[in-house]
Amino acid sequence: MPLKTMNQKQLWDKLAKENSRYYINSDLGRDITEEEFVESGENDYQEYIQFDPLIKPGGIFLEIGCGTGRMTEFIAKDFRVVATDISGEMIKRAQQRLPGIDFMETDGETIPLPDNSIDVAFSYLVFQHFKTKEMLVNNFKEVYRILKRGGLFKVRVRTDKIKNMESWWSGIDCDESIAEDTGFFLLQKERVGDYGLWLWLEK
């Protein structure tokens with residue numbers, strides 16, 4: 001089925017079945033081993049969460065786009081973690097890898113959690129794959145809704161403009177204005193080359 005006629009849930013279920021480790025972390029190539037996969041998750045956890053002075057350990061932590069739990073297993077050591085993904089196949093594999101962690105499949109537009117229930121929300125290498133502005137906006141609105149007052153949302157988005165949305169890795173570009181329009185206060189931002197942007201946002 002061409003990507004233009006395949007919705008995001010179908011796409012990521014398909015990719016999970018083909019080669020979940022590669023499509024979660026393509027930097028290490030299609031032959032990435034389980035050991036390399038786990039090591040990359042720990043390294044990214046340390047760099048983007050554990051050693052981030054704006055993220056305080058403890059509390060309830062939401063990971064959006066957890067895949068098969070590459071970073072989740074390390075997040076769970078410092079937080080009570082809820083991990084979500086649009087792909088039911090990814091969630092099934094995550095539950096098999098890491099029993100006992102709270103994994104949740106979503107529709108990619110809404111997050112089935114109560115208002116004001118999360119201390120920290122985090123997403124890495126996920127929002128860059130959203131194909132429409134509507135999907136981006138809906139996710140920012142949902143994160144704002146479920147965060148506690150004063151809660152933190154750290155997210156990486158793409159800034160390069162992709163004309164062809166047929167590739168699995170493609171997605172729509174955005175900047176901090178989409179978050180501010182949703183009600184967030186911008187604490188900090190950091191450019192990632194000419195293709196990405198980290199945002200630290202407070203409710």
# chains A, B, ... in the order shown; residues from 1 in each chain; ligands from 1
>>> residues_around(residues="A:Lys161", least_positions_apart="2", cutoff="10 Å", atoms="only C-alpha atoms", output="CSV table (one decimal) with C-alpha atoms, in the first residue's frame")
chain,number,residue,atom,x,y,z
A,158,ARG,CA,11.8,19.1,12.6
A,159,THR,CA,12.5,22.4,11.0
A,163,LYS,CA,8.2,18.3,-0.1
A,164,ASN,CA,7.5,14.5,-0.5
A,170,SER,CA,9.2,12.4,6.3
A,171,GLY,CA,7.1,14.9,8.3
A,172,ILE,CA,5.9,18.4,8.6
A,173,ASP,CA,8.1,21.2,9.9
A,174,CYS,CA,7.3,23.5,12.7
A,195,TYR,CA,16.8,20.0,10.4
>>> residues_around(residues="A:Asn116", least_positions_apart="4", cutoff="7 Å", atoms="only C-alpha atoms", output="count of residues only")
5
>>> select_by_dssp(residues="stretch 2-150 of chain A", states="strand (DSSP E or B)", output="list of chain:residue names")
A:Ile60, A:Phe61, A:Leu62, A:Glu63, A:Ile64, A:Arg80, A:Val81, A:Val82, A:Ala83, A:Thr84, A:Asp85, A:Asp102, A:Phe103, A:Met104, A:Glu105, A:Ile118, A:Asp119, A:Val120, A:Ala121, A:Phe122, A:Ser123, A:Leu147, A:Lys148, A:Arg149, A:Gly150
>>> select_by_dssp(residues="stretch 7-112 of chain A", states="alpha helix (DSSP H)", output="JSON, numbers by chain")
{"A": [8, 9, 10, 11, 12, 13, 14, 15, 16, 17, 18, 19, 20, 21, 22, 23, 24, 34, 35, 36, 37, 38, 39, 40, 41, 42, 43, 44, 45, 72, 73, 74, 75, 88, 89, 90, 91, 92, 93, 94, 95, 96, 97]}
>>> residues_around(residues="A:Met135", least_positions_apart="4", cutoff="10 Å", atoms="only C-alpha atoms", output="PyMOL selection string")
chain A and resi 108-110+127+130-131+139-141+172
>>> write_last_selection(atoms="C-alpha atoms", output="mmCIF file, in the first residue's frame")
data_model
loop_
_atom_site.group_PDB
_atom_site.id
_atom_site.type_symbol
_atom_site.label_atom_id
_atom_site.label_comp_id
_atom_site.auth_asym_id
_atom_site.auth_seq_id
_atom_site.Cartn_x
_atom_site.Cartn_y
_atom_site.Cartn_z
ATOM 1 C CA GLY A 108 -1.823 9.360 17.415
ATOM 2 C CA GLU A 109 -4.122 12.349 17.968
ATOM 3 C CA THR A 110 -5.299 12.000 21.569
ATOM 4 C CA PHE A 127 6.971 14.543 16.133
ATOM 5 C CA PHE A 130 3.856 13.682 11.762
ATOM 6 C CA LYS A 131 2.500 14.226 8.269
ATOM 7 C CA ASN A 139 -0.613 16.467 20.125
ATOM 8 C CA PHE A 140 0.541 19.776 21.581
ATOM 9 C CA LYS A 141 -2.993 20.445 22.838
ATOM 10 C CA ILE A 172 5.890 18.421 8.554
#
>>> closest_residue(among="A:Ile101, A:Leu62, A:Val155, A:Met90", to="A:Tyr23", atoms="only C-alpha atoms")
A:Met90
>>> atom_distance(atom1="atom CA of A:Glu134", atom2="atom CA of A:Ser20")
26.3 Å
>>> closest_residue(among="A:Ile86, A:Val126, A:Ile49, A:Ala94", to="A:Arg21", atoms="only C-alpha atoms")
A:Ala94
>>> closest_residue(among="A:Gly67, A:Gly41, A:Gly183, A:Gly58", to="A:Asn19", atoms="only C-alpha atoms")
A:Gly67
>>> residues_around(residues="A:Thr72", least_positions_apart="5", cutoff="12 Å", atoms="only C-alpha atoms", output="JSON, numbers by chain")
{"A": [38, 40, 41, 42, 44, 45, 46, 49, 61, 62, 63, 64, 65, 66, 67, 77, 78, 79, 80, 81, 82, 83, 84, 85, 91, 94, 95, 97, 98, 99, 100, 101, 102, 103, 122, 123, 124]}
>>> residues_around(residues="A:Glu202", least_positions_apart="6", cutoff="12 Å", atoms="only C-alpha atoms", output="MDAnalysis selection string")
chainID A and resid 54:55 119:122 140 143:145 147:155 179:180 182:188
>>> write_last_selection(atoms="N, CA and C atoms", output="compact mmCIF listing (two decimals), in the first residue's frame")
# COMPACT_ATOMS: atom_id res chain seq x y z
N LEU A 54 16.82 20.70 33.61
CA LEU A 54 15.44 21.15 33.69
C LEU A 54 14.47 20.00 34.00
N ILE A 55 14.96 18.77 33.95
CA ILE A 55 14.12 17.61 34.23
C ILE A 55 14.51 17.03 35.59
N ASP A 119 3.67 15.00 35.29
CA ASP A 119 4.68 15.99 35.71
C ASP A 119 5.62 16.36 34.57
N VAL A 120 6.05 15.38 33.79
CA VAL A 120 6.97 15.59 32.68
C VAL A 120 6.48 14.81 31.47
N ALA A 121 6.46 15.45 30.31
CA ALA A 121 6.19 14.77 29.04
C ALA A 121 7.42 14.92 28.16
N PHE A 122 7.71 13.88 27.38
CA PHE A 122 8.94 13.86 26.59
C PHE A 122 8.69 13.13 25.28
N PHE A 140 0.17 18.71 20.65
CA PHE A 140 0.54 19.78 21.58
C PHE A 140 -0.61 20.11 22.53
N VAL A 143 -0.93 17.27 25.15
CA VAL A 143 0.12 17.32 26.18
C VAL A 143 -0.17 18.47 27.15
N TYR A 144 -0.59 19.59 26.63
CA TYR A 144 -0.92 20.72 27.51
C TYR A 144 -2.04 20.34 28.47
N ARG A 145 -3.02 19.65 27.96
CA ARG A 145 -4.18 19.26 28.78
C ARG A 145 -3.78 18.35 29.94
N LEU A 147 -0.72 17.76 31.27
CA LEU A 147 0.34 18.22 32.17
C LEU A 147 -0.24 18.94 33.38
N LYS A 148 0.41 18.75 34.51
CA LYS A 148 0.09 19.54 35.69
C LYS A 148 0.57 20.97 35.48
N ARG A 149 -0.03 21.91 36.20
CA ARG A 149 0.43 23.29 36.14
C ARG A 149 1.89 23.35 36.57
N GLY A 150 2.73 23.97 35.76
CA GLY A 150 4.16 23.99 36.03
C GLY A 150 4.89 22.80 35.47
N GLY A 151 4.15 21.87 34.84
CA GLY A 151 4.77 20.68 34.26
C GLY A 151 5.61 21.01 33.04
N LEU A 152 6.55 20.13 32.71
CA LEU A 152 7.51 20.35 31.63
C LEU A 152 7.25 19.42 30.46
N PHE A 153 7.33 19.97 29.26
CA PHE A 153 7.27 19.16 28.03
C PHE A 153 8.54 19.43 27.24
N LYS A 154 9.35 18.37 27.05
CA LYS A 154 10.54 18.45 26.22
C LYS A 154 10.29 17.65 24.96
N VAL A 155 10.43 18.30 23.80
CA VAL A 155 10.08 17.66 22.54
C VAL A 155 11.04 18.10 21.45
N ALA A 179 3.76 25.71 19.76
CA ALA A 179 3.62 25.44 21.20
C ALA A 179 3.08 26.64 21.95
N GLU A 180 3.59 27.81 21.62
CA GLU A 180 3.13 29.03 22.28
C GLU A 180 1.67 29.30 21.97
N THR A 182 -0.51 27.11 21.63
CA THR A 182 -1.27 26.14 22.41
C THR A 182 -1.38 26.54 23.87
N GLY A 183 -0.54 27.49 24.30
CA GLY A 183 -0.59 27.95 25.68
C GLY A 183 0.68 27.73 26.47
N PHE A 184 1.64 27.02 25.89
CA PHE A 184 2.89 26.76 26.58
C PHE A 184 3.75 28.01 26.71
N PHE A 185 4.59 28.02 27.75
CA PHE A 185 5.63 29.04 27.91
C PHE A 185 6.95 28.41 27.49
N LEU A 186 7.66 29.08 26.58
CA LEU A 186 8.93 28.57 26.09
C LEU A 186 10.03 28.85 27.11
N LEU A 187 10.58 27.80 27.69
CA LEU A 187 11.68 27.94 28.63
C LEU A 187 13.02 28.02 27.93
N GLN A 188 13.18 27.20 26.88
CA GLN A 188 14.48 27.09 26.22
C GLN A 188 14.28 26.41 24.88
>>> closest_residue(among="A:Ile178, A:Ile162, A:Leu125, A:Leu201", to="A:Val137", atoms="only C-alpha atoms")
A:Ile178
>>> atom_distance(atom1="atom CA of A:Leu199", atom2="atom CA of A:Arg156")
6.2 Å
>>> atom_distance(atom1="atom CA of A:Asp115", atom2="atom CA of A:Thr68")
25.9 Å
